[in-house]
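data21.cif follows (mmCIF, N, CA and C atoms):
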data_work
loop_
_atom_site.label_atom_id
_atom_site.label_comp_id
_atom_site.auth_asym_id
_atom_site.auth_seq_id
_atom_site.Cartn_x
_atom_site.Cartn_y
_atom_site.Cartn_z
N MET A 286 5.26 21.93 -25.72
CA MET A 286 4.16 21.97 -26.64
C MET A 286 2.92 21.30 -26.02
N LEU A 287 3.11 20.13 -25.40
CA LEU A 287 1.97 19.41 -24.82
C LEU A 287 1.36 20.21 -23.66
N ILE A 288 2.22 20.75 -22.82
CA ILE A 288 1.73 21.53 -21.67
C ILE A 288 0.98 22.76 -22.15
N GLU A 289 1.55 23.46 -23.10
CA GLU A 289 0.91 24.68 -23.62
C GLU A 289 -0.45 24.37 -24.24
N GLY A 290 -0.54 23.27 -24.95
CA GLY A 290 -1.81 22.87 -25.54
C GLY A 290 -2.83 22.51 -24.48
N TYR A 291 -2.37 21.90 -23.41
CA TYR A 291 -3.27 21.46 -22.35
C TYR A 291 -3.81 22.62 -21.51
N ILE A 292 -2.92 23.56 -21.17
CA ILE A 292 -3.36 24.67 -20.29
C ILE A 292 -3.74 25.93 -21.04
N GLY A 293 -3.55 25.95 -22.36
CA GLY A 293 -3.97 27.09 -23.15
C GLY A 293 -2.93 28.17 -23.32
N GLY A 294 -1.68 27.84 -23.13
CA GLY A 294 -0.61 28.82 -23.31
C GLY A 294 0.62 28.44 -22.52
N PRO A 295 1.62 29.32 -22.51
CA PRO A 295 2.87 29.01 -21.80
C PRO A 295 2.65 28.95 -20.28
N PRO A 296 3.35 28.05 -19.60
CA PRO A 296 3.18 27.89 -18.16
C PRO A 296 3.34 29.18 -17.35
N ASP A 297 4.31 30.00 -17.73
CA ASP A 297 4.53 31.23 -16.95
C ASP A 297 3.38 32.23 -17.10
N ALA A 298 2.56 32.06 -18.12
CA ALA A 298 1.39 32.93 -18.30
C ALA A 298 0.15 32.40 -17.56
N HIS A 299 0.24 31.17 -17.07
CA HIS A 299 -0.92 30.54 -16.42
C HIS A 299 -0.51 29.80 -15.14
N PRO A 300 0.09 30.47 -14.18
CA PRO A 300 0.55 29.78 -12.97
C PRO A 300 -0.58 29.10 -12.19
N ALA A 301 -1.77 29.66 -12.18
CA ALA A 301 -2.89 29.03 -11.46
C ALA A 301 -3.28 27.71 -12.12
N ARG A 302 -3.23 27.67 -13.43
CA ARG A 302 -3.55 26.43 -14.15
C ARG A 302 -2.49 25.36 -13.87
N ILE A 303 -1.25 25.77 -13.83
CA ILE A 303 -0.17 24.83 -13.52
C ILE A 303 -0.35 24.30 -12.10
N ALA A 304 -0.64 25.16 -11.15
CA ALA A 304 -0.85 24.73 -9.76
C ALA A 304 -2.03 23.78 -9.66
N ALA A 305 -3.08 24.03 -10.42
CA ALA A 305 -4.27 23.17 -10.38
C ALA A 305 -4.01 21.79 -10.99
N ASN A 306 -2.95 21.67 -11.78
CA ASN A 306 -2.61 20.40 -12.42
C ASN A 306 -1.37 19.75 -11.84
N THR A 307 -0.90 20.26 -10.72
CA THR A 307 0.29 19.71 -10.08
C THR A 307 -0.14 18.78 -8.95
N SER A 308 0.02 17.50 -9.17
CA SER A 308 -0.44 16.49 -8.22
C SER A 308 0.09 16.70 -6.81
N ALA A 309 1.32 17.13 -6.69
CA ALA A 309 1.94 17.32 -5.38
C ALA A 309 1.16 18.32 -4.52
N ASN A 310 0.43 19.22 -5.15
CA ASN A 310 -0.34 20.22 -4.40
C ASN A 310 -1.57 19.64 -3.72
N PHE A 311 -1.91 18.40 -4.02
CA PHE A 311 -3.14 17.80 -3.50
C PHE A 311 -2.89 16.56 -2.65
N LEU A 312 -1.64 16.27 -2.35
CA LEU A 312 -1.30 15.09 -1.57
C LEU A 312 -1.59 15.30 -0.08
N THR A 313 -2.16 14.27 0.54
CA THR A 313 -2.35 14.26 1.99
C THR A 313 -2.00 12.86 2.50
N ALA A 314 -1.88 12.75 3.80
CA ALA A 314 -1.59 11.45 4.40
C ALA A 314 -2.73 10.46 4.18
N ALA A 315 -3.90 10.95 3.79
CA ALA A 315 -5.05 10.08 3.53
C ALA A 315 -4.97 9.38 2.18
N ALA A 316 -3.98 9.70 1.39
CA ALA A 316 -3.84 9.06 0.08
C ALA A 316 -3.60 7.56 0.26
N PRO A 317 -4.11 6.76 -0.65
CA PRO A 317 -3.89 5.31 -0.54
C PRO A 317 -2.44 4.97 -0.85
N PRO A 318 -2.01 3.76 -0.51
CA PRO A 318 -0.66 3.35 -0.92
C PRO A 318 -0.51 3.57 -2.42
N THR A 319 0.63 4.08 -2.80
CA THR A 319 0.83 4.52 -4.18
C THR A 319 2.09 3.91 -4.76
N LEU A 320 1.99 3.47 -5.99
CA LEU A 320 3.14 2.93 -6.73
C LEU A 320 3.44 3.84 -7.90
N ILE A 321 4.70 4.21 -8.04
CA ILE A 321 5.17 4.95 -9.21
C ILE A 321 6.23 4.09 -9.89
N VAL A 322 6.00 3.78 -11.17
CA VAL A 322 7.00 3.09 -11.98
C VAL A 322 7.55 4.14 -12.94
N LEU A 323 8.81 4.47 -12.74
CA LEU A 323 9.45 5.56 -13.47
C LEU A 323 10.45 5.03 -14.48
N PRO A 324 10.17 5.19 -15.78
CA PRO A 324 11.17 4.82 -16.78
C PRO A 324 12.33 5.83 -16.72
N GLU A 325 13.53 5.33 -16.55
CA GLU A 325 14.70 6.20 -16.34
C GLU A 325 14.93 7.20 -17.46
N ASN A 326 14.62 6.83 -18.68
CA ASN A 326 14.88 7.71 -19.83
C ASN A 326 13.59 8.20 -20.47
N ASP A 327 12.62 8.57 -19.64
CA ASP A 327 11.35 9.06 -20.16
C ASP A 327 11.56 10.34 -20.94
N SER A 328 11.14 10.35 -22.18
CA SER A 328 11.32 11.54 -23.02
C SER A 328 10.05 12.39 -23.09
N LEU A 329 8.99 11.96 -22.41
CA LEU A 329 7.74 12.69 -22.45
C LEU A 329 7.41 13.32 -21.10
N VAL A 330 7.55 12.55 -20.03
CA VAL A 330 7.28 13.05 -18.68
C VAL A 330 8.61 13.39 -18.02
N VAL A 331 8.72 14.59 -17.49
CA VAL A 331 9.97 15.06 -16.90
C VAL A 331 10.27 14.26 -15.63
N LYS A 332 11.40 13.60 -15.61
CA LYS A 332 11.80 12.74 -14.49
C LYS A 332 11.80 13.51 -13.16
N GLU A 333 12.31 14.73 -13.18
CA GLU A 333 12.38 15.53 -11.96
C GLU A 333 10.99 15.82 -11.39
N GLY A 334 10.01 15.96 -12.27
CA GLY A 334 8.64 16.18 -11.81
C GLY A 334 8.10 14.96 -11.08
N THR A 335 8.36 13.80 -11.64
CA THR A 335 7.92 12.56 -11.00
C THR A 335 8.62 12.37 -9.67
N LEU A 336 9.92 12.62 -9.63
CA LEU A 336 10.66 12.50 -8.37
C LEU A 336 10.17 13.53 -7.36
N GLY A 337 9.77 14.71 -7.83
CA GLY A 337 9.21 15.73 -6.95
C GLY A 337 7.93 15.28 -6.29
N ILE A 338 7.08 14.58 -7.05
CA ILE A 338 5.85 14.04 -6.48
C ILE A 338 6.18 13.01 -5.41
N ALA A 339 7.17 12.17 -5.68
CA ALA A 339 7.56 11.15 -4.70
C ALA A 339 8.06 11.81 -3.41
N VAL A 340 8.86 12.86 -3.52
CA VAL A 340 9.36 13.57 -2.35
C VAL A 340 8.21 14.23 -1.59
N ALA A 341 7.32 14.88 -2.31
CA ALA A 341 6.17 15.54 -1.68
C ALA A 341 5.28 14.52 -0.97
N ALA A 342 5.09 13.35 -1.57
CA ALA A 342 4.27 12.30 -0.96
C ALA A 342 4.91 11.81 0.34
N ALA A 343 6.21 11.62 0.31
CA ALA A 343 6.91 11.17 1.52
C ALA A 343 6.79 12.20 2.64
N LYS A 344 6.85 13.47 2.29
CA LYS A 344 6.77 14.53 3.30
C LYS A 344 5.44 14.54 4.03
N VAL A 345 4.35 14.16 3.34
CA VAL A 345 3.04 14.17 4.00
C VAL A 345 2.64 12.80 4.52
N GLY A 346 3.52 11.81 4.37
CA GLY A 346 3.27 10.50 4.95
C GLY A 346 2.56 9.50 4.07
N VAL A 347 2.56 9.69 2.76
CA VAL A 347 1.96 8.73 1.86
C VAL A 347 2.84 7.48 1.81
N ASP A 348 2.22 6.31 1.87
CA ASP A 348 2.92 5.05 1.71
C ASP A 348 3.22 4.90 0.22
N LEU A 349 4.43 5.26 -0.17
CA LEU A 349 4.78 5.34 -1.58
C LEU A 349 5.91 4.38 -1.91
N THR A 350 5.75 3.68 -3.02
CA THR A 350 6.81 2.84 -3.56
C THR A 350 7.21 3.42 -4.91
N LEU A 351 8.49 3.72 -5.06
CA LEU A 351 9.02 4.26 -6.31
C LEU A 351 9.99 3.24 -6.90
N VAL A 352 9.72 2.82 -8.12
CA VAL A 352 10.58 1.88 -8.81
C VAL A 352 11.04 2.53 -10.10
N THR A 353 12.34 2.56 -10.32
CA THR A 353 12.90 3.12 -11.55
C THR A 353 13.32 1.98 -12.47
N LEU A 354 12.90 2.05 -13.72
CA LEU A 354 13.29 1.05 -14.71
C LEU A 354 14.47 1.58 -15.52
N PRO A 355 15.67 1.03 -15.29
CA PRO A 355 16.85 1.50 -16.02
C PRO A 355 16.67 1.31 -17.52
N PHE A 356 17.16 2.26 -18.27
CA PHE A 356 17.20 2.24 -19.73
C PHE A 356 15.83 2.35 -20.40
N ALA A 357 14.75 2.34 -19.63
CA ALA A 357 13.41 2.37 -20.22
C ALA A 357 13.03 3.80 -20.60
N ASN A 358 12.21 3.92 -21.64
CA ASN A 358 11.67 5.22 -22.01
C ASN A 358 10.17 5.23 -21.74
N HIS A 359 9.49 6.29 -22.12
CA HIS A 359 8.07 6.44 -21.81
C HIS A 359 7.23 5.29 -22.36
N PHE A 360 7.62 4.76 -23.46
CA PHE A 360 6.85 3.71 -24.13
C PHE A 360 7.43 2.32 -23.88
N PHE A 361 8.01 2.13 -22.69
CA PHE A 361 8.71 0.87 -22.41
C PHE A 361 7.81 -0.35 -22.53
N ASN A 362 6.52 -0.19 -22.40
CA ASN A 362 5.64 -1.36 -22.43
C ASN A 362 4.74 -1.39 -23.67
N GLN A 363 5.08 -0.62 -24.69
CA GLN A 363 4.18 -0.53 -25.84
C GLN A 363 4.84 -0.82 -27.18
N MET A 364 6.10 -1.09 -27.19
CA MET A 364 6.80 -1.18 -28.47
C MET A 364 6.80 -2.57 -29.09
N ALA A 365 6.52 -3.59 -28.33
CA ALA A 365 6.51 -4.95 -28.87
C ALA A 365 5.55 -5.80 -28.03
N ALA A 366 5.25 -6.96 -28.52
CA ALA A 366 4.37 -7.86 -27.77
C ALA A 366 5.11 -8.39 -26.54
N ASN A 367 4.59 -8.07 -25.38
CA ASN A 367 5.11 -8.55 -24.10
C ASN A 367 6.62 -8.30 -23.93
N PRO A 368 7.07 -7.05 -24.09
CA PRO A 368 8.50 -6.76 -23.96
C PRO A 368 8.97 -6.91 -22.52
N LEU A 369 10.27 -6.95 -22.33
CA LEU A 369 10.86 -7.14 -21.01
C LEU A 369 10.40 -6.06 -20.02
N GLY A 370 10.36 -4.80 -20.47
CA GLY A 370 9.92 -3.72 -19.58
C GLY A 370 8.52 -3.95 -19.07
N ASN A 371 7.63 -4.42 -19.94
CA ASN A 371 6.26 -4.69 -19.54
C ASN A 371 6.20 -5.86 -18.57
N GLN A 372 7.00 -6.88 -18.78
CA GLN A 372 7.04 -8.02 -17.87
C GLN A 372 7.50 -7.59 -16.48
N ILE A 373 8.53 -6.75 -16.44
CA ILE A 373 9.04 -6.26 -15.17
C ILE A 373 7.98 -5.41 -14.46
N ALA A 374 7.40 -4.47 -15.19
CA ALA A 374 6.40 -3.58 -14.59
C ALA A 374 5.18 -4.36 -14.12
N ARG A 375 4.76 -5.35 -14.88
CA ARG A 375 3.60 -6.16 -14.48
C ARG A 375 3.90 -6.91 -13.18
N THR A 376 5.08 -7.46 -13.07
CA THR A 376 5.48 -8.17 -11.85
C THR A 376 5.51 -7.20 -10.67
N ILE A 377 6.04 -6.01 -10.87
CA ILE A 377 6.09 -5.01 -9.80
C ILE A 377 4.68 -4.62 -9.37
N ARG A 378 3.80 -4.38 -10.34
CA ARG A 378 2.42 -4.01 -10.00
C ARG A 378 1.69 -5.12 -9.28
N GLN A 379 1.88 -6.36 -9.72
CA GLN A 379 1.22 -7.48 -9.04
C GLN A 379 1.70 -7.61 -7.60
N GLU A 380 2.99 -7.50 -7.37
CA GLU A 380 3.53 -7.57 -6.01
C GLU A 380 2.99 -6.45 -5.14
N PHE A 381 2.95 -5.25 -5.70
CA PHE A 381 2.43 -4.10 -4.96
C PHE A 381 0.97 -4.34 -4.56
N LEU A 382 0.17 -4.81 -5.49
CA LEU A 382 -1.24 -5.06 -5.19
C LEU A 382 -1.41 -6.18 -4.18
N LEU A 383 -0.60 -7.22 -4.25
CA LEU A 383 -0.68 -8.28 -3.26
C LEU A 383 -0.32 -7.78 -1.86
N GLN A 384 0.67 -6.92 -1.78
CA GLN A 384 1.09 -6.37 -0.49
C GLN A 384 0.08 -5.41 0.10
N HIS A 385 -0.71 -4.76 -0.74
CA HIS A 385 -1.60 -3.71 -0.25
C HIS A 385 -3.08 -4.05 -0.39
N SER A 386 -3.40 -5.31 -0.67
CA SER A 386 -4.81 -5.66 -0.76
C SER A 386 -5.34 -6.04 0.61
N CYS A 387 -6.64 -5.93 0.75
CA CYS A 387 -7.28 -6.22 2.03
C CYS A 387 -7.33 -7.68 2.34
#
Since I need it in another form, could you write the structure as structure tokens?
Amino acid sequence: MLIEGYIGGPPDAHPARIAANTSANFLTAAAPPTLIVLPENDSLVVKEGTLGIAVAAAKVGVDLTLVTLPFANHFFNQMAANPLGNQIARTIRQEFLLQHSC
């Protein structure tokens, strides 16, 4: 439903629109270091799509860090004040930024 609303119809009727919105189609080795935090039980973003981007990034030489949060869903950091998932993700992001800052 979300994809159809975004691209104006079913994906198979708009392959060019899907290609234009597929991040993996635009990856190059010039991409900056990239962090992906993947909630293991995401019910909104398809896990295989995210993993596909990670594989595509590795193929072109992007410095990519992929972290999977077990048991987390798409809203892992929004359901309560300072939940455990948010604390973990914040720590991961801070470490990533410290490692990749100038």
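Of note, atom N of A:Ala305 and atom C of A:Ala357 are spaced 27.8 Å apart.
Shortest atom-to-atom contact with A:Asp327 among A:Ile373, A:Asn367, A:Asp348, A:Asn358: A:Asn358, counting all atoms listed in the file.
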Item checked: DSSP-assigned helix (DSSP H, G or I) among chain A, expressed as JSON, numbers by chain -> {"A": [287, 288, 289, 290, 291, 292, 296, 297, 298, 300, 301, 302, 303, 304, 305, 308, 309, 310, 311, 332, 333, 334, 335, 336, 337, 338, 339, 340, 341, 342, 343, 344, 345, 369, 370, 371, 372, 373, 374, 375, 376, 377, 378, 379, 380, 381, 382, 383, 384, 385]}
Item checked: Selection near A:Pro324, 8 Å with all atoms listed in the file, sequence-local residues under 3 positions removed, as an NGL selection string -> :A and (321 or 327-328 or 332 or 352-361)
Note to self: Env of A:Ala374: 10 Å cut, atoms = only C-alpha atoms, seq-sep filter 2 positions within chain, self excluded. Answer as a PyMOL selection string.
What the structure shows: chain A and resi 322-324+352-354+361-362+369-372+376-380
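Within chain A, DSSP run on the backbone puts these residues in strand (DSSP E or B): Thr319, Leu320, Ile321, Val322, Leu323, Pro324, Leu349, Thr350, Leu351, Val352, Thr353 and Leu354 of chain A.
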Note to self: With the PyMOL selection byres ((chain A and resi 312) around 8) as the selection, what would be picked from this file? Answer as a count of residues only, please.
What the structure shows: 14
Next item on the list: Calculate how many Å separate atom CA of A:Pro318 from atom CA of A:Tyr291, rounding to one decimal.
Entry: 28.2 Å
With 3 Å added on each side, what axis-aligned box encloses every listed atom of stretch 326-329 of chain A? Give the centre and edge lengths in Å to one decimal, as JSON.
{"center_x": 11.1, "center_y": 10.1, "center_z": -20.9, "size_x": 13.5, "size_y": 12.5, "size_z": 10.4}
Excluding A:Leu287 and its own-chain neighbours fewer than 3 positions away, which residues fall within 12 Å of it when counting only C-alpha atoms? Please give them as a compact mmCIF listing (two decimals) with N, CA and C atoms, in the coordinates of the input.
# COMPACT_ATOMS: atom_id res chain seq x y z
N GLY A 290 -0.54 23.27 -24.95
CA GLY A 290 -1.81 22.87 -25.54
C GLY A 290 -2.83 22.51 -24.48
N TYR A 291 -2.37 21.90 -23.41
CA TYR A 291 -3.27 21.46 -22.35
C TYR A 291 -3.81 22.62 -21.51
N ILE A 292 -2.92 23.56 -21.17
CA ILE A 292 -3.36 24.67 -20.29
C ILE A 292 -3.74 25.93 -21.04
N GLY A 293 -3.55 25.95 -22.36
CA GLY A 293 -3.97 27.09 -23.15
C GLY A 293 -2.93 28.17 -23.32
N GLY A 294 -1.68 27.84 -23.13
CA GLY A 294 -0.61 28.82 -23.31
C GLY A 294 0.62 28.44 -22.52
N PRO A 295 1.62 29.32 -22.51
CA PRO A 295 2.87 29.01 -21.80
C PRO A 295 2.65 28.95 -20.28
N PRO A 296 3.35 28.05 -19.60
CA PRO A 296 3.18 27.89 -18.16
C PRO A 296 3.34 29.18 -17.35
N LEU A 329 8.99 11.96 -22.41
CA LEU A 329 7.74 12.69 -22.45
C LEU A 329 7.41 13.32 -21.10
N VAL A 330 7.55 12.55 -20.03
CA VAL A 330 7.28 13.05 -18.68
C VAL A 330 8.61 13.39 -18.02
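Relative to atom CA of A:Leu383, atom N of A:Gly337 is found at 25.7 Å.
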